[in-house]
$ cat upload.cif   # mmCIF, N, CA and C atoms
data_structure
loop_
_atom_site.label_atom_id
_atom_site.label_comp_id
_atom_site.auth_asym_id
_atom_site.auth_seq_id
_atom_site.Cartn_x
_atom_site.Cartn_y
_atom_site.Cartn_z
N MET C 32 0.81 -1.19 0.00
CA MET C 32 0.00 0.00 0.00
C MET C 32 0.86 1.26 0.00
N ILE C 33 1.94 1.26 0.79
CA ILE C 33 2.86 2.39 0.83
C ILE C 33 4.29 1.83 0.72
N PRO C 34 4.62 1.13 -0.36
CA PRO C 34 5.88 0.42 -0.42
C PRO C 34 7.12 1.30 -0.49
N ASP C 35 7.00 2.51 -1.02
CA ASP C 35 8.19 3.35 -1.15
C ASP C 35 8.62 3.98 0.16
N ARG C 36 7.90 3.72 1.23
CA ARG C 36 8.26 4.26 2.55
C ARG C 36 8.61 3.17 3.55
N ILE C 37 8.83 1.96 3.08
CA ILE C 37 9.16 0.87 4.00
C ILE C 37 10.52 1.11 4.65
N ILE C 38 11.54 1.36 3.85
CA ILE C 38 12.89 1.57 4.38
C ILE C 38 13.03 3.02 4.84
N GLU C 39 13.48 3.20 6.08
CA GLU C 39 13.74 4.53 6.61
C GLU C 39 15.11 5.00 6.12
N GLN C 40 15.11 6.04 5.33
CA GLN C 40 16.36 6.57 4.78
C GLN C 40 17.32 6.96 5.90
N GLY C 41 18.59 6.61 5.74
CA GLY C 41 19.62 7.01 6.70
C GLY C 41 19.70 6.16 7.95
N THR C 42 19.09 4.95 7.95
CA THR C 42 19.09 4.13 9.17
C THR C 42 19.92 2.85 9.05
N LEU C 43 20.71 2.72 7.98
CA LEU C 43 21.51 1.51 7.78
C LEU C 43 22.70 1.50 8.73
N THR C 44 22.82 0.44 9.51
CA THR C 44 23.97 0.26 10.41
C THR C 44 24.58 -1.11 10.16
N SER C 45 25.90 -1.20 10.36
CA SER C 45 26.58 -2.46 10.14
C SER C 45 27.87 -2.53 10.92
N ASP C 46 28.20 -3.74 11.37
CA ASP C 46 29.52 -3.96 11.97
C ASP C 46 30.44 -4.61 10.95
N GLY C 47 29.99 -4.63 9.70
CA GLY C 47 30.74 -5.25 8.61
C GLY C 47 30.12 -6.56 8.17
N ALA C 48 29.67 -7.39 9.14
CA ALA C 48 29.09 -8.69 8.82
C ALA C 48 27.60 -8.78 9.15
N HIS C 49 27.15 -8.03 10.15
CA HIS C 49 25.74 -8.03 10.56
C HIS C 49 25.20 -6.63 10.31
N THR C 50 24.08 -6.56 9.59
CA THR C 50 23.55 -5.29 9.13
C THR C 50 22.10 -5.13 9.55
N ALA C 51 21.70 -3.88 9.83
CA ALA C 51 20.33 -3.60 10.26
C ALA C 51 19.82 -2.33 9.58
N VAL C 52 18.51 -2.28 9.39
CA VAL C 52 17.86 -1.10 8.82
C VAL C 52 16.49 -0.95 9.46
N GLU C 53 16.06 0.28 9.64
CA GLU C 53 14.74 0.54 10.19
C GLU C 53 13.71 0.49 9.08
N VAL C 54 12.56 -0.09 9.39
CA VAL C 54 11.48 -0.22 8.41
C VAL C 54 10.17 0.29 9.02
N ARG C 55 9.29 0.75 8.14
CA ARG C 55 7.97 1.24 8.54
C ARG C 55 6.90 0.34 7.94
N ILE C 56 5.80 0.25 8.60
CA ILE C 56 4.70 -0.60 8.16
C ILE C 56 4.07 -0.01 6.88
N PRO C 57 3.89 -0.82 5.85
CA PRO C 57 3.27 -0.32 4.62
C PRO C 57 1.74 -0.48 4.65
N TRP C 58 1.16 -0.19 5.77
CA TRP C 58 -0.29 -0.33 5.97
C TRP C 58 -0.74 0.81 6.85
N TYR C 59 -2.01 1.12 6.84
CA TYR C 59 -2.53 2.29 7.55
C TYR C 59 -3.01 1.99 8.96
N ARG C 60 -3.00 0.72 9.37
CA ARG C 60 -3.43 0.34 10.71
C ARG C 60 -2.38 -0.54 11.37
N ALA C 61 -2.39 -0.55 12.70
CA ALA C 61 -1.46 -1.40 13.45
C ALA C 61 -1.76 -2.87 13.21
N LEU C 62 -0.71 -3.69 13.29
CA LEU C 62 -0.84 -5.13 13.15
C LEU C 62 -0.11 -5.83 14.29
N PRO C 63 -0.67 -6.95 14.79
CA PRO C 63 0.06 -7.72 15.81
C PRO C 63 1.25 -8.44 15.18
N GLY C 64 2.21 -8.81 16.00
CA GLY C 64 3.39 -9.51 15.53
C GLY C 64 3.07 -10.74 14.70
N SER C 65 1.99 -11.44 15.04
CA SER C 65 1.63 -12.65 14.32
C SER C 65 1.26 -12.39 12.86
N CYS C 66 1.02 -11.14 12.51
CA CYS C 66 0.68 -10.80 11.12
C CYS C 66 1.91 -10.43 10.30
N ILE C 67 3.08 -10.39 10.92
CA ILE C 67 4.32 -10.14 10.19
C ILE C 67 4.84 -11.50 9.76
N ALA C 68 4.46 -11.90 8.56
CA ALA C 68 4.70 -13.26 8.10
C ALA C 68 6.13 -13.53 7.66
N GLY C 69 6.85 -12.49 7.28
CA GLY C 69 8.22 -12.70 6.86
C GLY C 69 8.83 -11.46 6.26
N ALA C 70 10.15 -11.51 6.10
CA ALA C 70 10.88 -10.39 5.52
C ALA C 70 12.17 -10.93 4.90
N ALA C 71 12.72 -10.12 4.03
CA ALA C 71 14.02 -10.43 3.43
C ALA C 71 14.83 -9.13 3.39
N LEU C 72 16.13 -9.26 3.52
CA LEU C 72 17.04 -8.12 3.50
C LEU C 72 18.17 -8.41 2.53
N LYS C 73 18.39 -7.49 1.59
CA LYS C 73 19.51 -7.61 0.66
C LYS C 73 20.34 -6.34 0.72
N ILE C 74 21.64 -6.52 0.67
CA ILE C 74 22.58 -5.41 0.60
C ILE C 74 23.40 -5.61 -0.67
N ASP C 75 23.34 -4.64 -1.55
CA ASP C 75 24.06 -4.71 -2.82
C ASP C 75 23.79 -6.01 -3.57
N GLY C 76 22.53 -6.46 -3.54
CA GLY C 76 22.11 -7.66 -4.24
C GLY C 76 22.38 -8.97 -3.53
N VAL C 77 23.03 -8.93 -2.38
CA VAL C 77 23.33 -10.14 -1.62
C VAL C 77 22.32 -10.28 -0.49
N ALA C 78 21.64 -11.42 -0.43
CA ALA C 78 20.60 -11.65 0.58
C ALA C 78 21.21 -12.06 1.91
N ALA C 79 20.62 -11.55 2.98
CA ALA C 79 21.00 -11.99 4.33
C ALA C 79 20.54 -13.44 4.50
N ASP C 80 21.31 -14.20 5.23
CA ASP C 80 20.95 -15.58 5.54
C ASP C 80 19.58 -15.56 6.25
N PRO C 81 18.57 -16.23 5.70
CA PRO C 81 17.24 -16.20 6.31
C PRO C 81 17.22 -16.64 7.78
N GLU C 82 18.10 -17.57 8.14
CA GLU C 82 18.16 -18.03 9.54
C GLU C 82 18.68 -16.95 10.48
N SER C 83 19.40 -15.98 9.94
CA SER C 83 19.98 -14.93 10.78
C SER C 83 19.05 -13.73 10.96
N LEU C 84 17.97 -13.68 10.18
CA LEU C 84 17.09 -12.50 10.23
C LEU C 84 16.43 -12.36 11.59
N ARG C 85 16.41 -11.11 12.07
CA ARG C 85 15.76 -10.77 13.34
C ARG C 85 14.91 -9.53 13.13
N TRP C 86 13.83 -9.47 13.88
CA TRP C 86 12.87 -8.38 13.82
C TRP C 86 12.80 -7.77 15.21
N THR C 87 13.05 -6.47 15.32
CA THR C 87 12.99 -5.80 16.62
C THR C 87 11.91 -4.74 16.56
N MET C 88 10.98 -4.82 17.51
CA MET C 88 9.96 -3.78 17.64
C MET C 88 9.62 -3.65 19.12
N ASN C 89 9.27 -2.45 19.50
CA ASN C 89 8.93 -2.16 20.89
C ASN C 89 10.06 -2.57 21.84
N GLY C 90 11.31 -2.48 21.35
CA GLY C 90 12.47 -2.79 22.18
C GLY C 90 12.74 -4.26 22.39
N ARG C 91 12.02 -5.13 21.68
CA ARG C 91 12.21 -6.58 21.83
C ARG C 91 12.59 -7.19 20.49
N GLU C 92 13.52 -8.16 20.51
CA GLU C 92 13.98 -8.82 19.30
C GLU C 92 13.32 -10.19 19.16
N PHE C 93 12.93 -10.52 17.90
CA PHE C 93 12.24 -11.77 17.61
C PHE C 93 12.80 -12.44 16.37
N THR C 94 12.70 -13.76 16.32
CA THR C 94 12.84 -14.48 15.06
C THR C 94 11.45 -14.45 14.42
N PHE C 95 11.36 -14.79 13.14
CA PHE C 95 10.05 -14.82 12.51
C PHE C 95 9.21 -15.98 13.03
N ALA C 96 9.84 -17.05 13.48
CA ALA C 96 9.10 -18.15 14.11
C ALA C 96 8.45 -17.68 15.41
N GLU C 97 9.16 -16.86 16.17
CA GLU C 97 8.60 -16.33 17.42
C GLU C 97 7.44 -15.36 17.16
N LEU C 98 7.53 -14.61 16.06
CA LEU C 98 6.46 -13.67 15.73
C LEU C 98 5.18 -14.38 15.31
N ALA C 99 5.30 -15.57 14.75
CA ALA C 99 4.15 -16.27 14.16
C ALA C 99 2.97 -16.42 15.10
N THR C 100 3.21 -16.52 16.38
CA THR C 100 2.12 -16.69 17.35
C THR C 100 2.01 -15.52 18.32
N ASN C 101 2.74 -14.46 18.07
CA ASN C 101 2.77 -13.33 19.02
C ASN C 101 1.64 -12.34 18.72
N THR C 102 0.69 -12.29 19.63
CA THR C 102 -0.42 -11.34 19.51
C THR C 102 -0.33 -10.24 20.56
N GLU C 103 0.73 -10.23 21.33
CA GLU C 103 0.88 -9.21 22.38
C GLU C 103 1.68 -8.00 21.93
N GLU C 104 2.62 -8.18 21.02
CA GLU C 104 3.41 -7.07 20.49
C GLU C 104 2.76 -6.57 19.21
N TRP C 105 2.62 -5.26 19.09
CA TRP C 105 1.98 -4.65 17.92
C TRP C 105 2.94 -3.72 17.21
N TRP C 106 2.83 -3.68 15.90
CA TRP C 106 3.59 -2.75 15.05
C TRP C 106 2.63 -1.64 14.64
N PHE C 107 2.95 -0.42 15.05
CA PHE C 107 2.09 0.72 14.81
C PHE C 107 2.60 1.56 13.64
N PRO C 108 1.70 2.20 12.89
CA PRO C 108 2.11 2.97 11.72
C PRO C 108 3.13 4.09 12.00
N LEU C 109 3.17 4.62 13.20
CA LEU C 109 4.11 5.69 13.51
C LEU C 109 5.44 5.17 14.06
N ASP C 110 5.56 3.86 14.25
CA ASP C 110 6.76 3.28 14.84
C ASP C 110 7.60 2.54 13.79
N SER C 111 8.90 2.69 13.90
CA SER C 111 9.81 1.91 13.06
C SER C 111 10.14 0.60 13.77
N ALA C 112 10.32 -0.44 12.98
CA ALA C 112 10.86 -1.70 13.47
C ALA C 112 12.26 -1.81 12.87
N VAL C 113 13.05 -2.76 13.36
CA VAL C 113 14.39 -2.96 12.83
C VAL C 113 14.49 -4.36 12.27
N LEU C 114 14.88 -4.45 11.00
CA LEU C 114 15.16 -5.74 10.36
C LEU C 114 16.67 -5.88 10.28
N SER C 115 17.19 -7.00 10.79
CA SER C 115 18.64 -7.20 10.78
C SER C 115 18.96 -8.63 10.36
N GLY C 116 20.19 -8.80 9.88
CA GLY C 116 20.63 -10.13 9.48
C GLY C 116 22.10 -10.14 9.12
N ASP C 117 22.60 -11.35 8.93
CA ASP C 117 24.00 -11.54 8.59
C ASP C 117 24.19 -11.34 7.09
N VAL C 118 24.62 -10.13 6.74
CA VAL C 118 24.96 -9.78 5.37
C VAL C 118 25.95 -8.62 5.45
N ALA C 119 26.97 -8.66 4.63
CA ALA C 119 28.04 -7.68 4.71
C ALA C 119 27.62 -6.32 4.17
N ALA C 120 28.07 -5.28 4.88
CA ALA C 120 27.91 -3.90 4.42
C ALA C 120 29.03 -3.10 5.06
N ALA C 121 29.92 -2.59 4.26
CA ALA C 121 31.05 -1.83 4.79
C ALA C 121 30.56 -0.52 5.38
N PRO C 122 30.91 -0.24 6.64
CA PRO C 122 30.56 1.06 7.22
C PRO C 122 31.20 2.19 6.42
N ASP C 123 30.55 3.34 6.41
CA ASP C 123 31.01 4.54 5.73
C ASP C 123 31.04 4.40 4.21
N ALA C 124 30.25 3.47 3.68
CA ALA C 124 30.15 3.30 2.23
C ALA C 124 28.68 3.30 1.83
N GLU C 125 28.41 3.68 0.57
CA GLU C 125 27.04 3.66 0.04
C GLU C 125 26.66 2.23 -0.33
N HIS C 126 25.42 1.86 -0.04
CA HIS C 126 24.93 0.53 -0.35
C HIS C 126 23.50 0.61 -0.88
N GLU C 127 23.17 -0.34 -1.75
CA GLU C 127 21.79 -0.50 -2.19
C GLU C 127 21.12 -1.46 -1.21
N VAL C 128 20.06 -1.00 -0.57
CA VAL C 128 19.35 -1.76 0.45
C VAL C 128 17.98 -2.15 -0.10
N GLU C 129 17.65 -3.44 0.01
CA GLU C 129 16.34 -3.92 -0.42
C GLU C 129 15.67 -4.67 0.73
N VAL C 130 14.39 -4.40 0.91
CA VAL C 130 13.60 -5.07 1.94
C VAL C 130 12.31 -5.58 1.30
N ASP C 131 12.00 -6.83 1.57
CA ASP C 131 10.72 -7.43 1.19
C ASP C 131 9.97 -7.74 2.48
N LEU C 132 8.68 -7.43 2.49
CA LEU C 132 7.83 -7.73 3.64
C LEU C 132 6.60 -8.49 3.19
N THR C 133 6.20 -9.47 3.99
CA THR C 133 4.94 -10.16 3.79
C THR C 133 4.13 -10.01 5.06
N LEU C 134 2.94 -9.44 4.92
CA LEU C 134 2.06 -9.18 6.06
C LEU C 134 0.70 -9.80 5.83
N TYR C 135 0.09 -10.29 6.89
CA TYR C 135 -1.30 -10.73 6.85
C TYR C 135 -2.16 -9.60 7.40
N ILE C 136 -3.30 -9.38 6.75
CA ILE C 136 -4.25 -8.36 7.20
C ILE C 136 -5.45 -9.12 7.76
N PRO C 137 -5.52 -9.30 9.08
CA PRO C 137 -6.47 -10.25 9.67
C PRO C 137 -7.94 -9.88 9.55
N TYR C 138 -8.25 -8.64 9.34
CA TYR C 138 -9.65 -8.22 9.30
C TYR C 138 -10.20 -8.11 7.88
N ILE C 139 -9.40 -8.52 6.87
CA ILE C 139 -9.90 -8.57 5.50
C ILE C 139 -9.90 -10.04 5.07
N VAL C 140 -11.06 -10.67 5.19
CA VAL C 140 -11.22 -12.08 4.90
C VAL C 140 -11.52 -12.25 3.41
N ILE C 141 -10.73 -13.10 2.74
CA ILE C 141 -10.93 -13.26 1.29
C ILE C 141 -11.49 -14.64 0.92
N SER C 142 -11.54 -15.56 1.88
CA SER C 142 -12.20 -16.85 1.68
C SER C 142 -12.49 -17.44 3.06
N ASP C 143 -13.09 -18.61 3.07
CA ASP C 143 -13.40 -19.25 4.35
C ASP C 143 -12.17 -19.59 5.18
N SER C 144 -11.04 -19.71 4.52
CA SER C 144 -9.83 -20.13 5.23
C SER C 144 -8.64 -19.19 5.03
N GLU C 145 -8.88 -18.00 4.50
CA GLU C 145 -7.75 -17.13 4.18
C GLU C 145 -8.09 -15.66 4.41
N VAL C 146 -7.08 -14.94 4.94
CA VAL C 146 -7.18 -13.49 5.04
C VAL C 146 -6.21 -12.88 4.03
N LEU C 147 -6.42 -11.62 3.75
CA LEU C 147 -5.56 -10.93 2.80
C LEU C 147 -4.11 -10.95 3.27
N HIS C 148 -3.20 -11.20 2.36
CA HIS C 148 -1.78 -11.01 2.66
C HIS C 148 -1.22 -10.09 1.58
N ILE C 149 -0.30 -9.24 2.02
CA ILE C 149 0.33 -8.32 1.09
C ILE C 149 1.83 -8.59 1.08
N GLU C 150 2.41 -8.45 -0.09
CA GLU C 150 3.86 -8.60 -0.26
C GLU C 150 4.36 -7.29 -0.85
N GLU C 151 5.23 -6.62 -0.12
CA GLU C 151 5.73 -5.31 -0.53
C GLU C 151 7.25 -5.34 -0.63
N HIS C 152 7.79 -4.45 -1.47
CA HIS C 152 9.23 -4.37 -1.71
C HIS C 152 9.63 -2.89 -1.74
N ASP C 153 10.78 -2.59 -1.17
CA ASP C 153 11.34 -1.24 -1.24
C ASP C 153 12.84 -1.36 -1.46
N LYS C 154 13.40 -0.37 -2.16
CA LYS C 154 14.83 -0.33 -2.43
C LYS C 154 15.30 1.11 -2.30
N LYS C 155 16.39 1.30 -1.55
CA LYS C 155 16.97 2.63 -1.39
C LYS C 155 18.49 2.50 -1.36
N THR C 156 19.16 3.60 -1.70
CA THR C 156 20.60 3.67 -1.57
C THR C 156 20.92 4.59 -0.42
N MET C 157 21.81 4.13 0.46
CA MET C 157 22.21 4.94 1.62
C MET C 157 23.56 4.50 2.15
N LYS C 158 24.13 5.36 2.92
CA LYS C 158 25.43 5.10 3.53
C LYS C 158 25.25 4.34 4.84
N ALA C 159 26.09 3.33 5.04
CA ALA C 159 26.06 2.56 6.29
C ALA C 159 26.86 3.28 7.37
N VAL C 160 26.36 3.22 8.57
CA VAL C 160 27.03 3.77 9.75
C VAL C 160 27.54 2.59 10.58
N ALA C 161 28.70 2.71 11.16
CA ALA C 161 29.25 1.63 12.00
C ALA C 161 28.35 1.37 13.19
N ALA C 162 28.07 0.10 13.41
CA ALA C 162 27.22 -0.31 14.55
C ALA C 162 28.03 -0.35 15.83
#
$ encode --input "upload.cif" --output "structure tokens"
Amino acid sequence: MIPDRIIEQGTLTSDGAHTAVEVRIPWYRALPGSCIAGAALKIDGVAADPESLRWTMNGREFTFAELATNTEEWWFPLDSAVLSGDVAAAPDAEHEVEVDLTLYIPYIVISDSEVLHIEEHDKKTMKAVAA
């Protein structure tokens, strides 16, 4: 819905091997953690190892498996979350950052057994800051 605003410009941090970027919800309403179905992070075309991906919101870090059943933590439209993973990004250098998000929208039912899911993509170029 708002894919060009997923990645927060100027928020790329890296220690060289582990990289993080702030992301915003591409939806107009808050969603519980269980509706964050997945994400991907690429730096300069190289994907972060999916097993290393972590999602931080409200000051707490989660794997996507942990988010799958979490209905207590909510992602709000005015709050940034942090997507991080094991992928190289040299500090003090420009990088192309790509984020893919898959979200379930629980209150839009599209069949007897399915709710709407959205898949969004954003790409930005920014300089990495040392973590």
$ residues_around --input "upload.cif" --residues "region 108-118 of chain C" --least-positions-apart "6" --cutoff "6 Å" --atoms "all atoms listed in the file" --output "list in words"
Gly47, Ala48, His49, Thr50, Ala51, Val52, Glu53, Val54, Arg55, Ile56, Tyr59, Arg60, Ala61, Ala78, Ala79, Asp80, Ser83, Leu84, Arg85, Trp86, Thr87 and Met88 of chain C
$ select_by_dssp --input "upload.cif" --residues "chain C" --states "helix (DSSP H, G or I)" --output "ChimeraX atom specification"
/C:34-36,64-66,81-83,95-98
$ atom_distance --input "upload.cif" --atom1 "atom N of Leu132 (chain C)" --atom2 "atom C of Gly76 (chain C)"
15.0 Å
$ resolve_selection --input "upload.cif" --expression "the PyMOL selection byres (((chain C and resi 130 and name CA) around 7) and name CA)" --output "list in words"
Ala70, Ala71, Leu72, Lys73, Val128, Glu129, Asp131, Leu132, His152, Asp153 and Lys154 of chain C
$ write_last_selection --input "upload.cif" --atoms "N, CA and C atoms" --output "mmCIF file, in the coordinates of the input"
data_model
loop_
_atom_site.group_PDB
_atom_site.id
_atom_site.type_symbol
_atom_site.label_atom_id
_atom_site.label_comp_id
_atom_site.auth_asym_id
_atom_site.auth_seq_id
_atom_site.Cartn_x
_atom_site.Cartn_y
_atom_site.Cartn_z
ATOM 1 N N ALA C 70 10.150 -11.510 6.100
ATOM 2 C CA ALA C 70 10.880 -10.390 5.520
ATOM 3 C C ALA C 70 12.170 -10.930 4.900
ATOM 4 N N ALA C 71 12.720 -10.120 4.030
ATOM 5 C CA ALA C 71 14.020 -10.430 3.430
ATOM 6 C C ALA C 71 14.830 -9.130 3.390
ATOM 7 N N LEU C 72 16.130 -9.260 3.520
ATOM 8 C CA LEU C 72 17.040 -8.120 3.500
ATOM 9 C C LEU C 72 18.170 -8.410 2.530
ATOM 10 N N LYS C 73 18.390 -7.490 1.590
ATOM 11 C CA LYS C 73 19.510 -7.610 0.660
ATOM 12 C C LYS C 73 20.340 -6.340 0.720
ATOM 13 N N VAL C 128 20.060 -1.000 -0.570
ATOM 14 C CA VAL C 128 19.350 -1.760 0.450
ATOM 15 C C VAL C 128 17.980 -2.150 -0.100
ATOM 16 N N GLU C 129 17.650 -3.440 0.010
ATOM 17 C CA GLU C 129 16.340 -3.920 -0.420
ATOM 18 C C GLU C 129 15.670 -4.670 0.730
ATOM 19 N N ASP C 131 12.000 -6.830 1.570
ATOM 20 C CA ASP C 131 10.720 -7.430 1.190
ATOM 21 C C ASP C 131 9.970 -7.740 2.480
ATOM 22 N N LEU C 132 8.680 -7.430 2.490
ATOM 23 C CA LEU C 132 7.830 -7.730 3.640
ATOM 24 C C LEU C 132 6.600 -8.490 3.190
ATOM 25 N N HIS C 152 7.790 -4.450 -1.470
ATOM 26 C CA HIS C 152 9.230 -4.370 -1.710
ATOM 27 C C HIS C 152 9.630 -2.890 -1.740
ATOM 28 N N ASP C 153 10.780 -2.590 -1.170
ATOM 29 C CA ASP C 153 11.340 -1.240 -1.240
ATOM 30 C C ASP C 153 12.840 -1.360 -1.460
ATOM 31 N N LYS C 154 13.400 -0.370 -2.160
ATOM 32 C CA LYS C 154 14.830 -0.330 -2.430
ATOM 33 C C LYS C 154 15.300 1.110 -2.300
#
$ residues_around --input "upload.cif" --residues "Gly41 (chain C)" --least-positions-apart "3" --cutoff "7 Å" --atoms "all atoms listed in the file" --output "PyMOL selection string"
chain C and resi 38+44+156-158
$ build_atoms --input "upload.cif" --residues "region 106-119 of chain C" --atoms "N, CA, C and O atoms" --output "PDB file, in the frame of the given file"
ATOM      1  N   TRP C 106       2.830  -3.680  15.900  1.00  0.00           N
ATOM      2  CA  TRP C 106       3.590  -2.750  15.050  1.00  0.00           C
ATOM      3  C   TRP C 106       2.630  -1.640  14.640  1.00  0.00           C
ATOM      4  O   TRP C 106       1.644  -1.880  13.962  1.00  0.00           O
ATOM      5  N   PHE C 107       2.950  -0.420  15.050  1.00  0.00           N
ATOM      6  CA  PHE C 107       2.090   0.720  14.810  1.00  0.00           C
ATOM      7  C   PHE C 107       2.600   1.560  13.640  1.00  0.00           C
ATOM      8  O   PHE C 107       3.809   1.640  13.423  1.00  0.00           O
ATOM      9  N   PRO C 108       1.700   2.200  12.890  1.00  0.00           N
ATOM     10  CA  PRO C 108       2.110   2.970  11.720  1.00  0.00           C
ATOM     11  C   PRO C 108       3.130   4.090  12.000  1.00  0.00           C
ATOM     12  O   PRO C 108       3.886   4.442  11.115  1.00  0.00           O
ATOM     13  N   LEU C 109       3.170   4.620  13.200  1.00  0.00           N
ATOM     14  CA  LEU C 109       4.110   5.690  13.510  1.00  0.00           C
ATOM     15  C   LEU C 109       5.440   5.170  14.060  1.00  0.00           C
ATOM     16  O   LEU C 109       6.357   5.955  14.302  1.00  0.00           O
ATOM     17  N   ASP C 110       5.560   3.860  14.250  1.00  0.00           N
ATOM     18  CA  ASP C 110       6.760   3.280  14.840  1.00  0.00           C
ATOM     19  C   ASP C 110       7.600   2.540  13.790  1.00  0.00           C
ATOM     20  O   ASP C 110       7.064   1.842  12.939  1.00  0.00           O
ATOM     21  N   SER C 111       8.900   2.690  13.900  1.00  0.00           N
ATOM     22  CA  SER C 111       9.810   1.910  13.060  1.00  0.00           C
ATOM     23  C   SER C 111      10.140   0.600  13.770  1.00  0.00           C
ATOM     24  O   SER C 111      10.232   0.554  14.995  1.00  0.00           O
ATOM     25  N   ALA C 112      10.320  -0.440  12.980  1.00  0.00           N
ATOM     26  CA  ALA C 112      10.860  -1.700  13.470  1.00  0.00           C
ATOM     27  C   ALA C 112      12.260  -1.810  12.870  1.00  0.00           C
ATOM     28  O   ALA C 112      12.612  -1.047  11.964  1.00  0.00           O
ATOM     29  N   VAL C 113      13.050  -2.760  13.360  1.00  0.00           N
ATOM     30  CA  VAL C 113      14.390  -2.960  12.830  1.00  0.00           C
ATOM     31  C   VAL C 113      14.490  -4.360  12.270  1.00  0.00           C
ATOM     32  O   VAL C 113      14.193  -5.343  12.960  1.00  0.00           O
ATOM     33  N   LEU C 114      14.880  -4.450  11.000  1.00  0.00           N
ATOM     34  CA  LEU C 114      15.160  -5.740  10.360  1.00  0.00           C
ATOM     35  C   LEU C 114      16.670  -5.880  10.280  1.00  0.00           C
ATOM     36  O   LEU C 114      17.358  -4.986   9.782  1.00  0.00           O
ATOM     37  N   SER C 115      17.190  -7.000  10.790  1.00  0.00           N
ATOM     38  CA  SER C 115      18.640  -7.200  10.780  1.00  0.00           C
ATOM     39  C   SER C 115      18.960  -8.630  10.360  1.00  0.00           C
ATOM     40  O   SER C 115      18.122  -9.526  10.474  1.00  0.00           O
ATOM     41  N   GLY C 116      20.190  -8.800   9.880  1.00  0.00           N
ATOM     42  CA  GLY C 116      20.630 -10.130   9.480  1.00  0.00           C
ATOM     43  C   GLY C 116      22.100 -10.140   9.120  1.00  0.00           C
ATOM     44  O   GLY C 116      22.748  -9.099   9.021  1.00  0.00           O
ATOM     45  N   ASP C 117      22.600 -11.350   8.930  1.00  0.00           N
ATOM     46  CA  ASP C 117      24.000 -11.540   8.590  1.00  0.00           C
ATOM     47  C   ASP C 117      24.190 -11.340   7.090  1.00  0.00           C
ATOM     48  O   ASP C 117      23.925 -12.235   6.281  1.00  0.00           O
ATOM     49  N   VAL C 118      24.620 -10.130   6.740  1.00  0.00           N
ATOM     50  CA  VAL C 118      24.960  -9.780   5.370  1.00  0.00           C
ATOM     51  C   VAL C 118      25.950  -8.620   5.450  1.00  0.00           C
ATOM     52  O   VAL C 118      25.803  -7.721   6.280  1.00  0.00           O
ATOM     53  N   ALA C 119      26.970  -8.660   4.630  1.00  0.00           N
ATOM     54  CA  ALA C 119      28.040  -7.680   4.710  1.00  0.00           C
ATOM     55  C   ALA C 119      27.620  -6.320   4.170  1.00  0.00           C
ATOM     56  O   ALA C 119      26.920  -6.225   3.167  1.00  0.00           O
TER      57      ALA C 119
END
